[in-house]
$ cat protein-v1.pdb   # PDB, C-alpha atoms, pLDDT in the B column
ATOM      1  CA  LEU K   1     179.619 -16.803  28.119  1.00 44.00           C
ATOM      2  CA  THR K   2     181.203 -20.208  27.538  1.00 54.00           C
ATOM      3  CA  VAL K   3     177.790 -21.805  26.951  1.00 51.00           C
ATOM      4  CA  ALA K   4     176.821 -19.005  24.551  1.00 52.00           C
ATOM      5  CA  LEU K   5     180.047 -19.419  22.577  1.00 52.00           C
ATOM      6  CA  ALA K   6     179.555 -23.192  22.489  1.00 56.00           C
ATOM      7  CA  LEU K   7     175.993 -22.804  21.179  1.00 53.00           C
ATOM      8  CA  ALA K   8     177.156 -20.321  18.558  1.00 53.00           C
ATOM      9  CA  PHE K   9     179.842 -22.747  17.431  1.00 54.00           C
ATOM     10  CA  VAL K  10     177.296 -25.596  17.184  1.00 52.00           C
ATOM     11  CA  ARG K  11     174.917 -23.427  15.144  1.00 61.00           C
ATOM     12  CA  LEU K  12     177.755 -22.434  12.796  1.00 57.00           C
ATOM     13  CA  ALA K  13     178.851 -26.051  12.386  1.00 52.00           C
ATOM     14  CA  LEU K  14     175.288 -27.209  11.669  1.00 51.00           C
ATOM     15  CA  HIS K  15     174.811 -24.360   9.220  1.00 55.00           C
ATOM     16  CA  ASP K  16     177.989 -25.284   7.333  1.00 53.00           C
ATOM     17  CA  ALA K  17     177.005 -28.944   7.348  1.00 53.00           C
ATOM     18  CA  GLY K  18     173.547 -28.048   6.054  1.00 54.00           C
ATOM     19  CA  LEU K  19     175.006 -25.983   3.246  1.00 52.00           C
ATOM     20  CA  ALA K  20     177.349 -28.787   2.290  1.00 52.00           C
ATOM     21  CA  LEU K  21     174.502 -31.309   2.421  1.00 48.00           C
ATOM     22  CA  GLY K  22     172.270 -28.994   0.411  1.00 52.00           C
ATOM     23  CA  GLN K  23     174.932 -28.507  -2.228  1.00 58.00           C
ATOM     24  CA  SER K  24     175.512 -32.250  -2.387  1.00 65.00           C
ATOM     25  CA  LEU K  25     171.808 -32.948  -2.823  1.00 60.00           C
ATOM     26  CA  ARG K  26     171.491 -30.251  -5.472  1.00 63.00           C
ATOM     27  CA  THR K  27     174.457 -31.707  -7.339  1.00 68.00           C
ATOM     28  CA  LYS K  28     172.999 -35.211  -7.213  1.00 62.00           C
ATOM     29  CA  ALA K  29     169.597 -33.936  -8.291  1.00 64.00           C
ATOM     30  CA  ALA K  30     171.135 -32.076 -11.230  1.00 64.00           C
ATOM     31  CA  ARG K  31     173.044 -35.196 -12.305  1.00 65.00           C
ATOM     32  CA  LEU K  32     169.912 -37.320 -12.008  1.00 63.00           C
ATOM     33  CA  ALA K  33     167.907 -34.804 -14.048  1.00 64.00           C
ATOM     34  CA  THR K  34     170.627 -34.766 -16.707  1.00 69.00           C
ATOM     35  CA  ARG K  35     170.630 -38.551 -16.956  1.00 67.00           C
ATOM     36  CA  MET K  36     166.834 -38.670 -17.140  1.00 65.00           C
ATOM     37  CA  HIS K  37     166.804 -35.973 -19.817  1.00 61.00           C
ATOM     38  CA  ARG K  38     169.368 -37.870 -21.869  1.00 66.00           C
ATOM     39  CA  SER K  39     167.478 -41.143 -21.464  1.00 66.00           C
ATOM     40  CA  LEU K  40     164.191 -39.552 -22.539  1.00 67.00           C
ATOM     41  CA  GLN K  41     165.853 -37.956 -25.551  1.00 68.00           C
ATOM     42  CA  GLU K  42     167.302 -41.297 -26.627  1.00 72.00           C
ATOM     43  CA  LEU K  43     164.064 -43.186 -26.029  1.00 78.00           C
ATOM     44  CA  SER K  44     162.751 -44.752 -29.230  1.00 84.00           C
ATOM     45  CA  PRO K  45     159.060 -44.451 -30.179  1.00 84.00           C
ATOM     46  CA  ALA K  46     158.624 -48.215 -29.817  1.00 88.00           C
ATOM     47  CA  ALA K  47     160.114 -48.209 -26.313  1.00 88.00           C
ATOM     48  CA  ALA K  48     158.008 -45.186 -25.381  1.00 89.00           C
ATOM     49  CA  LEU K  49     154.845 -46.967 -26.510  1.00 91.00           C
ATOM     50  CA  ARG K  50     155.756 -50.008 -24.435  1.00 92.00           C
ATOM     51  CA  ALA K  51     156.372 -47.826 -21.399  1.00 92.00           C
ATOM     52  CA  LEU K  52     153.110 -45.964 -22.048  1.00 94.00           C
ATOM     53  CA  THR K  53     151.227 -49.266 -22.207  1.00 95.00           C
ATOM     54  CA  VAL K  54     152.657 -50.272 -18.838  1.00 95.00           C
ATOM     55  CA  LEU K  55     151.762 -46.866 -17.406  1.00 94.00           C
ATOM     56  CA  LEU K  56     148.182 -47.132 -18.665  1.00 96.00           C
ATOM     57  CA  LEU K  57     147.732 -50.658 -17.311  1.00 96.00           C
ATOM     58  CA  VAL K  58     149.197 -49.812 -13.904  1.00 95.00           C
ATOM     59  CA  SER K  59     147.133 -46.628 -13.674  1.00 94.00           C
ATOM     60  CA  LEU K  60     143.952 -48.443 -14.626  1.00 95.00           C
ATOM     61  CA  LEU K  61     144.548 -51.304 -12.191  1.00 95.00           C
ATOM     62  CA  LEU K  62     145.288 -48.908  -9.339  1.00 93.00           C
ATOM     63  CA  ARG K  63     142.140 -46.906 -10.071  1.00 94.00           C
ATOM     64  CA  LEU K  64     139.989 -50.017 -10.275  1.00 94.00           C
ATOM     65  CA  ALA K  65     141.463 -51.391  -7.065  1.00 94.00           C
ATOM     66  CA  ASN K  66     140.820 -48.096  -5.308  1.00 92.00           C
ATOM     67  CA  ALA K  67     137.236 -48.036  -6.618  1.00 92.00           C
ATOM     68  CA  TRP K  68     136.587 -51.576  -5.401  1.00 91.00           C
ATOM     69  CA  PHE K  69     138.258 -51.575  -1.986  1.00 91.00           C
ATOM     70  CA  TYR K  70     137.454 -47.981  -0.996  1.00 86.00           C
ATOM     71  CA  TYR K  71     133.812 -47.940  -1.955  1.00 80.00           C
ATOM     72  CA  GLY K  72     132.587 -45.090   0.237  1.00 83.00           C
ATOM     73  CA  PHE K  73     131.409 -41.656  -0.840  1.00 86.00           C
ATOM     74  CA  PHE K  74     132.970 -38.362   0.131  1.00 79.00           C
ATOM     75  CA  SER K  75     130.376 -35.825  -1.068  1.00 79.00           C
ATOM     76  CA  GLY K  76     126.754 -35.555  -2.027  1.00 78.00           C
ATOM     77  CA  ASP K  77     127.617 -35.140  -5.695  1.00 84.00           C
ATOM     78  CA  ASP K  78     128.845 -38.716  -6.117  1.00 87.00           C
ATOM     79  CA  VAL K  79     125.797 -40.098  -4.316  1.00 87.00           C
ATOM     80  CA  GLU K  80     123.430 -38.116  -6.526  1.00 87.00           C
ATOM     81  CA  VAL K  81     124.982 -39.584  -9.671  1.00 90.00           C
ATOM     82  CA  HIS K  82     123.952 -43.080  -8.564  1.00 90.00           C
ATOM     83  CA  GLU K  83     120.607 -41.908  -7.258  1.00 87.00           C
ATOM     84  CA  MET K  84     119.788 -40.704 -10.740  1.00 89.00           C
ATOM     85  CA  THR K  85     120.970 -43.853 -12.524  1.00 91.00           C
ATOM     86  CA  PHE K  86     119.478 -46.259  -9.971  1.00 91.00           C
ATOM     87  CA  ALA K  87     116.141 -44.503 -10.183  1.00 88.00           C
ATOM     88  CA  ARG K  88     116.089 -45.303 -13.883  1.00 89.00           C
ATOM     89  CA  LEU K  89     117.517 -48.818 -13.503  1.00 91.00           C
ATOM     90  CA  PHE K  90     115.078 -49.994 -10.831  1.00 88.00           C
ATOM     91  CA  GLY K  91     112.108 -47.734 -11.496  1.00 84.00           C
ATOM     92  CA  LEU K  92     112.481 -45.870  -8.220  1.00 81.00           C
ATOM     93  CA  ASP K  93     110.802 -42.597  -7.354  1.00 76.00           C
ATOM     94  CA  VAL K  94     113.737 -40.690  -5.847  1.00 70.00           C
ATOM     95  CA  ALA K  95     113.514 -36.998  -5.038  1.00 65.00           C
ATOM     96  CA  LEU K  96     116.616 -35.578  -6.729  1.00 61.00           C
ATOM     97  CA  TRP K  97     118.132 -32.135  -6.670  1.00 57.00           C
ATOM     98  CA  ASP K  98     116.489 -30.325  -9.568  1.00 61.00           C
ATOM     99  CA  LEU K  99     119.648 -28.410 -10.507  1.00 62.00           C
ATOM    100  CA  ARG K 100     121.741 -31.477 -11.351  1.00 72.00           C
ATOM    101  CA  SER K 101     122.148 -32.114 -15.057  1.00 81.00           C
ATOM    102  CA  PRO K 102     121.379 -35.696 -16.134  1.00 86.00           C
ATOM    103  CA  PHE K 103     123.823 -35.488 -19.034  1.00 91.00           C
ATOM    104  CA  PHE K 104     126.802 -37.098 -17.313  1.00 93.00           C
ATOM    105  CA  PRO K 105     124.992 -39.760 -15.237  1.00 93.00           C
ATOM    106  CA  MET K 106     122.669 -40.873 -18.033  1.00 93.00           C
ATOM    107  CA  THR K 107     125.190 -40.638 -20.890  1.00 94.00           C
ATOM    108  CA  PHE K 108     128.325 -42.098 -19.309  1.00 96.00           C
ATOM    109  CA  ILE K 109     127.371 -44.011 -16.153  1.00 95.00           C
ATOM    110  CA  PHE K 110     123.898 -45.382 -16.868  1.00 95.00           C
ATOM    111  CA  PRO K 111     124.711 -47.399 -20.054  1.00 96.00           C
ATOM    112  CA  ALA K 112     127.492 -49.338 -18.331  1.00 96.00           C
ATOM    113  CA  GLN K 113     125.327 -50.016 -15.287  1.00 96.00           C
ATOM    114  CA  ARG K 114     122.418 -51.040 -17.514  1.00 95.00           C
ATOM    115  CA  LEU K 115     124.671 -53.537 -19.290  1.00 96.00           C
ATOM    116  CA  ALA K 116     125.926 -54.931 -15.981  1.00 96.00           C
ATOM    117  CA  LEU K 117     122.343 -55.303 -14.762  1.00 95.00           C
ATOM    118  CA  ALA K 118     121.376 -57.106 -17.967  1.00 94.00           C
ATOM    119  CA  LEU K 119     124.273 -59.520 -17.374  1.00 95.00           C
ATOM    120  CA  GLY K 120     122.892 -60.346 -13.936  1.00 93.00           C
ATOM    121  CA  PHE K 121     124.999 -58.081 -11.726  1.00 93.00           C
ATOM    122  CA  ASP K 122     122.266 -56.447  -9.665  1.00 90.00           C
ATOM    123  CA  GLY K 123     124.185 -55.724  -6.473  1.00 92.00           C
ATOM    124  CA  THR K 124     124.478 -52.033  -5.679  1.00 91.00           C
ATOM    125  CA  ASP K 125     128.139 -52.449  -4.774  1.00 92.00           C
ATOM    126  CA  VAL K 126     128.923 -53.914  -8.188  1.00 95.00           C
ATOM    127  CA  LEU K 127     126.871 -51.275  -9.993  1.00 95.00           C
ATOM    128  CA  VAL K 128     128.653 -48.487  -8.120  1.00 95.00           C
ATOM    129  CA  PHE K 129     131.985 -50.064  -9.056  1.00 96.00           C
ATOM    130  CA  VAL K 130     130.924 -50.278 -12.714  1.00 96.00           C
ATOM    131  CA  GLY K 131     130.119 -46.562 -12.711  1.00 95.00           C
ATOM    132  CA  ARG K 132     133.490 -45.746 -11.238  1.00 95.00           C
ATOM    133  CA  ALA K 133     135.237 -48.054 -13.704  1.00 96.00           C
ATOM    134  CA  VAL K 134     133.823 -45.950 -16.528  1.00 96.00           C
ATOM    135  CA  VAL K 135     135.475 -42.839 -15.095  1.00 96.00           C
ATOM    136  CA  ALA K 136     138.708 -44.760 -14.516  1.00 95.00           C
ATOM    137  CA  GLY K 137     138.747 -45.751 -18.171  1.00 96.00           C
ATOM    138  CA  TRP K 138     138.204 -42.185 -19.372  1.00 96.00           C
ATOM    139  CA  SER K 139     140.872 -40.975 -16.956  1.00 95.00           C
ATOM    140  CA  CYS K 140     143.432 -43.391 -18.401  1.00 95.00           C
ATOM    141  CA  ALA K 141     142.387 -42.461 -21.933  1.00 96.00           C
ATOM    142  CA  GLY K 142     143.418 -38.908 -21.069  1.00 95.00           C
ATOM    143  CA  LEU K 143     146.949 -40.148 -20.368  1.00 95.00           C
ATOM    144  CA  ALA K 144     147.233 -41.603 -23.860  1.00 95.00           C
ATOM    145  CA  ILE K 145     145.902 -38.391 -25.391  1.00 95.00           C
ATOM    146  CA  MET K 146     148.413 -36.348 -23.401  1.00 94.00           C
ATOM    147  CA  TYR K 147     151.206 -38.556 -24.751  1.00 94.00           C
ATOM    148  CA  VAL K 148     150.119 -37.904 -28.336  1.00 93.00           C
ATOM    149  CA  ILE K 149     149.824 -34.138 -27.778  1.00 92.00           C
ATOM    150  CA  ALA K 150     153.218 -33.761 -26.112  1.00 91.00           C
ATOM    151  CA  ARG K 151     154.927 -35.959 -28.682  1.00 91.00           C
ATOM    152  CA  ARG K 152     153.549 -33.922 -31.582  1.00 89.00           C
ATOM    153  CA  LEU K 153     154.240 -30.550 -29.998  1.00 88.00           C
ATOM    154  CA  LEU K 154     157.739 -31.344 -28.766  1.00 86.00           C
ATOM    155  CA  GLY K 155     158.744 -33.908 -31.375  1.00 86.00           C
ATOM    156  CA  SER K 156     159.927 -36.373 -28.749  1.00 87.00           C
ATOM    157  CA  ALA K 157     158.471 -39.693 -27.637  1.00 89.00           C
ATOM    158  CA  GLY K 158     160.278 -39.283 -24.328  1.00 88.00           C
ATOM    159  CA  ALA K 159     158.629 -35.927 -23.719  1.00 88.00           C
ATOM    160  CA  GLY K 160     155.255 -37.498 -24.463  1.00 90.00           C
ATOM    161  CA  LEU K 161     155.900 -40.275 -21.975  1.00 91.00           C
ATOM    162  CA  LEU K 162     156.993 -37.805 -19.301  1.00 90.00           C
ATOM    163  CA  ALA K 163     153.877 -35.682 -19.882  1.00 91.00           C
ATOM    164  CA  ALA K 164     151.648 -38.749 -19.526  1.00 93.00           C
ATOM    165  CA  LEU K 165     153.447 -39.761 -16.334  1.00 92.00           C
ATOM    166  CA  LEU K 166     153.042 -36.303 -14.803  1.00 91.00           C
ATOM    167  CA  LEU K 167     149.347 -36.310 -15.669  1.00 92.00           C
ATOM    168  CA  ALA K 168     148.953 -39.773 -14.158  1.00 92.00           C
ATOM    169  CA  VAL K 169     150.130 -38.526 -10.752  1.00 90.00           C
ATOM    170  CA  MET K 170     148.168 -35.279 -10.964  1.00 88.00           C
ATOM    171  CA  ARG K 171     145.845 -34.746  -8.010  1.00 84.00           C
ATOM    172  CA  LEU K 172     142.760 -34.639 -10.220  1.00 82.00           C
ATOM    173  CA  HIS K 173     143.363 -38.107 -11.638  1.00 85.00           C
ATOM    174  CA  VAL K 174     144.735 -39.670  -8.460  1.00 84.00           C
ATOM    175  CA  ARG K 175     141.877 -38.467  -6.272  1.00 83.00           C
ATOM    176  CA  LEU K 176     138.928 -38.503  -8.659  1.00 89.00           C
ATOM    177  CA  GLY K 177     140.017 -41.033 -11.280  1.00 89.00           C
ATOM    178  CA  SER K 178     138.375 -43.768  -9.199  1.00 90.00           C
ATOM    179  CA  SER K 179     135.163 -41.884  -8.473  1.00 91.00           C
ATOM    180  CA  GLU K 180     131.917 -41.409 -10.336  1.00 92.00           C
ATOM    181  CA  LEU K 181     132.415 -37.664 -10.681  1.00 92.00           C
ATOM    182  CA  PRO K 182     132.682 -36.060 -14.138  1.00 93.00           C
ATOM    183  CA  ARG K 183     135.882 -34.034 -13.682  1.00 92.00           C
ATOM    184  CA  PRO K 184     138.350 -36.606 -15.127  1.00 93.00           C
ATOM    185  CA  VAL K 185     135.997 -37.234 -18.062  1.00 95.00           C
ATOM    186  CA  ALA K 186     135.674 -33.505 -18.743  1.00 94.00           C
ATOM    187  CA  ALA K 187     139.462 -33.156 -18.549  1.00 93.00           C
ATOM    188  CA  THR K 188     139.859 -35.872 -21.179  1.00 95.00           C
ATOM    189  CA  PHE K 189     137.516 -34.075 -23.583  1.00 95.00           C
ATOM    190  CA  LEU K 190     139.414 -30.844 -22.989  1.00 92.00           C
ATOM    191  CA  LEU K 191     142.609 -32.629 -23.981  1.00 93.00           C
ATOM    192  CA  VAL K 192     140.892 -33.857 -27.132  1.00 93.00           C
ATOM    193  CA  ALA K 193     139.853 -30.303 -28.030  1.00 91.00           C
ATOM    194  CA  PHE K 194     143.307 -28.950 -27.252  1.00 88.00           C
ATOM    195  CA  GLY K 195     145.022 -31.660 -29.264  1.00 89.00           C
ATOM    196  CA  LEU K 196     142.825 -31.137 -32.305  1.00 88.00           C
ATOM    197  CA  LEU K 197     143.428 -27.385 -32.385  1.00 84.00           C
ATOM    198  CA  VAL K 198     147.023 -27.140 -31.221  1.00 79.00           C
ATOM    199  CA  ALA K 199     148.690 -30.439 -32.051  1.00 65.00           C
ATOM    200  CA  GLY K 200     146.516 -31.427 -34.998  1.00 63.00           C
ATOM    201  CA  ARG K 201     145.999 -30.127 -38.497  1.00 70.00           C
ATOM    202  CA  ARG K 202     144.289 -26.802 -39.128  1.00 74.00           C
ATOM    203  CA  SER K 203     141.047 -27.692 -40.886  1.00 81.00           C
ATOM    204  CA  VAL K 204     137.320 -27.149 -40.610  1.00 83.00           C
ATOM    205  CA  LEU K 205     136.893 -30.784 -39.620  1.00 85.00           C
ATOM    206  CA  HIS K 206     139.391 -30.543 -36.760  1.00 85.00           C
ATOM    207  CA  ALA K 207     137.853 -27.280 -35.588  1.00 85.00           C
ATOM    208  CA  GLY K 208     134.393 -28.819 -35.629  1.00 88.00           C
ATOM    209  CA  LEU K 209     135.491 -31.910 -33.734  1.00 90.00           C
ATOM    210  CA  ALA K 210     137.306 -29.743 -31.205  1.00 88.00           C
ATOM    211  CA  GLY K 211     134.123 -27.707 -30.756  1.00 88.00           C
ATOM    212  CA  ILE K 212     132.133 -30.877 -30.103  1.00 91.00           C
ATOM    213  CA  ALA K 213     134.696 -32.100 -27.553  1.00 92.00           C
ATOM    214  CA  LEU K 214     134.735 -28.728 -25.819  1.00 89.00           C
ATOM    215  CA  GLY K 215     130.948 -28.645 -25.808  1.00 90.00           C
ATOM    216  CA  ILE K 216     130.806 -32.078 -24.146  1.00 93.00           C
ATOM    217  CA  ALA K 217     133.340 -30.969 -21.534  1.00 92.00           C
ATOM    218  CA  ALA K 218     131.319 -27.827 -20.816  1.00 89.00           C
ATOM    219  CA  ALA K 219     128.127 -29.896 -20.563  1.00 89.00           C
ATOM    220  CA  LEU K 220     129.833 -32.097 -17.985  1.00 90.00           C
ATOM    221  CA  ARG K 221     131.177 -29.152 -15.998  1.00 86.00           C
ATOM    222  CA  PHE K 222     130.247 -25.560 -16.728  1.00 80.00           C
ATOM    223  CA  SER K 223     133.674 -24.274 -15.613  1.00 79.00           C
ATOM    224  CA  GLU K 224     135.306 -25.895 -18.643  1.00 79.00           C
ATOM    225  CA  ALA K 225     133.574 -23.303 -20.846  1.00 77.00           C
ATOM    226  CA  VAL K 226     136.306 -20.803 -19.913  1.00 79.00           C
ATOM    227  CA  LEU K 227     138.481 -22.438 -22.577  1.00 80.00           C
ATOM    228  CA  VAL K 228     136.123 -21.443 -25.383  1.00 79.00           C
ATOM    229  CA  LEU K 229     137.828 -18.064 -25.836  1.00 81.00           C
ATOM    230  CA  PRO K 230     141.502 -19.189 -25.848  1.00 79.00           C
ATOM    231  CA  LEU K 231     140.778 -22.161 -28.103  1.00 77.00           C
ATOM    232  CA  THR K 232     138.824 -19.909 -30.469  1.00 76.00           C
ATOM    233  CA  LEU K 233     141.721 -17.469 -30.610  1.00 78.00           C
ATOM    234  CA  GLN K 234     143.955 -20.402 -31.514  1.00 72.00           C
ATOM    235  CA  LEU K 235     142.056 -20.656 -34.800  1.00 71.00           C
ATOM    236  CA  LEU K 236     142.904 -17.074 -35.775  1.00 69.00           C
TER     237      LEU K 236
END

$ encode --input "protein-v1.pdb" --output "C-alpha cells"
Amino acid sequence: LTVALALAFVRLALHDAGLALGQSLRTKAARLATRMHRSLQELSPAAALRALTVLLLVSLLLRLANAWFYYGFFSGDDVEVHEMTFARLFGLDVALWDLRSPFFPMTFIFPAQRLALALGFDGTDVLVFVGRAVVAGWSCAGLAIMYVIARRLLGSAGAGLLAALLLAVMRLHVRLGSSELPRPVAATFLLVAFGLLVAGRRSVLHAGLAGIALGIAAALRFSEAVLVLPLTLQLL
C-alpha cells in the first residue's frame, strides 16, 4: 500500500510538472510567434528582397551540394531520364521503357547536358550533375514565384518571405530539388499558372499564359492536370 501511494504521488507530481512545463512552452511559443508576426509585418520590401536573395542562394547551394556529393539514384525513373538523354548525346542504342514521355528529359535536361558536352565535360558524373542542377534551378525559381504570389495576395513582403521559406523546406523541394525528376519543375509551372490567374491581372493574355504553364506542368506530370478545373473556374 505504501509503495502504491508513493507511485501515485510520483505520477501526480510528474503530471503537474508536465502541465506546468507544457504551459510554459506554449507561452514561450506564443510570444515567439507574436514577435515573428510583428517583425514580418514591419519588414520593408527592400529588406524582404535581401532576405529572399539569401534564401535563394542558400537553397541553391544546398541543392547543388546535395546533387554533387550524393550522386546515387533512388528509383528507376531518375535513371531512365539519363538513359534517354545519354542515348541522344552519345548515339547509343538503349532499350527504353516505351511509356516514358521524352518531353521532360529532352526539353529540360538534354540541352544543358549537350552544352556541357560541347564545353568538354564528357564525364557521366558531371553530366548527371548538370541535369540535376537544372532541376535545382527551377526549384529555386519556384521560391521566388511563391514570394511574388503571397506578397500580392496578402499585401505584405513579410508574408511573401515566409511563404517562400515554408516552400523551401517543403518535402518536395528538399527531397527532389536535387534530383533529375520533373516534380519540382512541374510545381514551378503550376505556381506560374496560379499566380497569373489568382495574383495577376484578369486578361486574355494572362489566361493564355496560365494555360500554357498549366499545359507544360501537365505534360511533365499527368497528375497536375487535376488543376485544370479549379483554375478554369477561377476565370468565371

$ atom_distance --input "protein-v1.pdb" --atom1 "atom CA of Ala150 of chain K" --atom2 "atom CA of Asn66 of chain K"
28.1 Å

$ resolve_selection --input "protein-v1.pdb" --expression "the PyMOL selection byres ((chain K and resi 47-54) around 8)" --output "count of residues only"
13

$ closest_residue --input "protein-v1.pdb" --among "K:His173, K:Arg221, K:Arg202, K:Arg88" --to "Leu190 of chain K" --atoms "only C-alpha atoms"
K:Arg221

$ atom_distance --input "protein-v1.pdb" --atom1 "atom CA of Met146 of chain K" --atom2 "atom CA of Phe110 of chain K"
26.9 Å

$ atom_distance --input "protein-v1.pdb" --atom1 "atom CA of Phe129 of chain K" --atom2 "atom CA of Tyr71 of chain K"
7.6 Å

$ closest_residue --input "protein-v1.pdb" --among "K:Pro105, K:Ile145, K:Pro111, K:Val130" --to "Asp77 of chain K" --atoms "only C-alpha atoms"
K:Pro105

$ closest_residue --input "protein-v1.pdb" --among "K:Leu191, K:Leu214, K:Ala225, K:Val128" --to "Val79 of chain K" --atoms "all atoms listed in the file"
K:Val128

$ residues_around --input "protein-v1.pdb" --residues "Leu89 of chain K" --least-positions-apart "6" --cutoff "10 Å" --atoms "all atoms listed in the file" --output "compact mmCIF listing (two decimals) with C-alpha atoms, in the frame of the given file"
# COMPACT_ATOMS: atom_id res chain seq x y z
CA HIS K 82 123.95 -43.08 -8.56
CA GLU K 83 120.61 -41.91 -7.26
CA PHE K 110 123.90 -45.38 -16.87
CA PRO K 111 124.71 -47.40 -20.05
CA GLN K 113 125.33 -50.02 -15.29
CA ARG K 114 122.42 -51.04 -17.51
CA LEU K 117 122.34 -55.30 -14.76
CA ASP K 122 122.27 -56.45 -9.66

$ closest_residue --input "protein-v1.pdb" --among "K:Val126, K:Leu181, K:Leu172, K:Leu231" --to "Leu196 of chain K" --atoms "only C-alpha atoms"
K:Leu231

$ closest_residue --input "protein-v1.pdb" --among "K:Pro230, K:Gly160, K:Gly120, K:Pro184" --to "Ala141 of chain K" --atoms "only C-alpha atoms"
K:Pro184

$ closest_residue --input "protein-v1.pdb" --among "K:Ala193, K:Leu61, K:Leu233, K:Val148" --to "Gly208 of chain K" --atoms "all atoms listed in the file"
K:Ala193

$ residues_around --input "protein-v1.pdb" --residues "Arg63 of chain K" --least-positions-apart "6" --cutoff "8 Å" --atoms "only C-alpha atoms" --output "PyMOL selection string"
chain K and resi 133+136+174+177-178
